[in-house]
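Peer 1: Data: run_8.tsv, TSV, C-alpha atoms.
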chain	number	residue	atom	x	y	z
A	28	MET	CA	9.71	-19.18	-6.83
A	29	THR	CA	6.42	-17.59	-7.89
A	30	PRO	CA	6.43	-16.30	-11.47
A	31	PHE	CA	5.92	-12.58	-12.04
A	32	PRO	CA	2.19	-11.79	-12.46
A	33	TRP	CA	2.46	-10.27	-15.94
A	34	LYS	CA	-1.27	-10.47	-16.71
A	35	GLN	CA	-2.19	-8.49	-13.59
A	36	ALA	CA	0.72	-6.07	-14.06
A	37	MET	CA	-0.25	-5.38	-17.67
A	38	GLY	CA	-3.91	-4.96	-16.73
A	39	PHE	CA	-3.08	-2.48	-13.99
A	40	GLY	CA	-0.39	-0.61	-15.92
A	41	LEU	CA	-2.26	-0.31	-19.20
A	42	GLY	CA	-5.83	-0.22	-17.87
A	43	VAL	CA	-5.74	1.54	-14.51
A	44	LEU	CA	-2.61	3.68	-14.77
A	45	ARG	CA	-3.33	4.23	-18.49
A	46	LEU	CA	0.31	3.86	-19.49
A	47	SER	CA	1.06	3.51	-23.16
A	48	PRO	CA	2.57	0.15	-24.17
A	49	HIS	CA	5.92	1.92	-24.68
A	50	GLU	CA	5.77	3.47	-21.19
A	51	PHE	CA	4.73	0.17	-19.63
A	52	TRP	CA	7.47	-1.91	-21.25
A	53	SER	CA	10.07	0.78	-20.47
A	54	MET	CA	9.44	0.39	-16.72
A	55	THR	CA	11.21	-2.06	-14.48
A	56	PRO	CA	9.05	-4.29	-12.26
A	57	ARG	CA	10.23	-2.24	-9.28
A	58	GLU	CA	9.16	1.03	-10.94
A	59	LEU	CA	5.77	-0.49	-11.73
A	60	ALA	CA	5.41	-1.66	-8.12
A	61	CYS	CA	6.16	1.88	-6.88
A	62	ALA	CA	3.59	3.33	-9.29
A	63	ILE	CA	0.99	0.81	-8.10
A	64	GLU	CA	1.74	1.62	-4.45
A	65	ALA	CA	1.46	5.36	-5.13
A	66	PHE	CA	-1.87	4.84	-6.89
A	67	THR	CA	-3.37	2.50	-4.29
A	68	GLY	CA	-1.93	4.31	-1.28
A	69	ARG	CA	-0.35	1.14	0.03
A	70	THR	CA	2.51	1.60	2.41
A	71	THR	CA	4.74	-0.67	4.41
A	72	PRO	CA	3.07	-2.41	7.36
A	73	LEU	CA	3.37	-0.97	10.84
A	74	ASP	CA	6.21	-2.27	12.96
A	75	ARG	CA	5.42	-3.81	16.34
A	76	ALA	CA	6.50	-0.74	18.36
A	77	THR	CA	4.27	1.62	16.37
A	78	LEU	CA	1.33	-0.78	16.60
A	79	THR	CA	1.80	-1.06	20.37
A	80	GLN	CA	1.87	2.75	20.73
A	81	LEU	CA	-1.34	3.07	18.70
A	82	MET	CA	-3.03	0.32	20.72
A	83	GLN	CA	-2.12	2.08	23.96
A	84	ARG	CA	-3.26	5.46	22.66
A	85	TYR	CA	-6.49	4.14	21.12
A	86	PRO	CA	-7.61	1.08	23.12
A	87	ASP	CA	-10.78	-0.76	22.18
A	88	ASP	CA	-12.37	0.44	25.43
A	89	VAL	CA	-13.14	4.07	24.54
A	90	SER	CA	-13.22	5.18	28.19
A	91	LEU	CA	-9.51	4.26	28.53
A	92	ARG	CA	-8.35	6.44	25.63
A	93	GLN	CA	-5.99	9.31	26.35
A	94	ASN	CA	-7.74	12.68	26.40
A	95	TYR	CA	-11.15	10.98	26.29
A	96	ARG	CA	-14.06	13.41	26.49
A	97	GLU	CA	-17.75	12.57	26.74
Will you turn the file into structure tokens for me?
Peer 2:
Amino acid sequence: MTPFPWKQAMGFGLGVLRLSPHEFWSMTPRELACAIEAFTGRTTPLDRATLTQLMQRYPDDVSLRQNYRE
């Protein structure tokens, strides 16, 4: 099992999010992870079905795209 990355968590929580030490140590790791995700805009990865729909709607070949206009 990988140990919890306390150094990085403290750096982000105290430095980037500007939490006070009391606020930081009052959070659970899950709460901190949610705060980091909200700050960075990270979301869950796309599932296969959504990715397939996007690939069909926006193929690499621009001329094949739905509603393509020159």
Peer 1: Give me the residues within 12 Å of region 52-64 of chain A as a list in words, counting all atoms listed in the file and dropping any in the same chain fewer than 5 places off.
Peer 2: Phe31, Pro32, Trp33, Gln35, Ala36, Met37, Gly38, Phe39, Gly40, Leu41, Gly42, Val43, Leu44, Arg45, Leu46, Ser47, Arg69, Thr70 and Thr71 of chain A
Peer 1: Enter the distance from CA of Phe66 (chain A) to CA of Pro30 (chain A), in Å, rounded to one decimal.
Peer 2: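 These atoms are spaced 23.2 Å apart.
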Peer 1: Give me, please, the distance in Å between CA of Tyr85 (chain A) and CA of Leu73 (chain A), quoted to one decimal.
Peer 2: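 That distance, rounded to one decimal, is 15.1 Å.
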Peer 1: What's the separation between CA of Thr67 (chain A) and CA of Arg84 (chain A), in Å to one decimal place?
Peer 2: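 Pair CA of Thr67 (chain A) / CA of Arg84 (chain A) returns 27.1 Å.
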Peer 1: If you take every atom of region 32-48 of chain A that the file lists and fit an axis-aligned box around them with 3 Å extra on each side, what centre and edge lengths come out in Å to one decimal, as lines of an AutoDock Vina configuration file?
Peer 2:
center_x = -1.6
center_y = -3.8
center_z = -18.3
size_x = 14.4
size_y = 22.0
size_z = 17.7
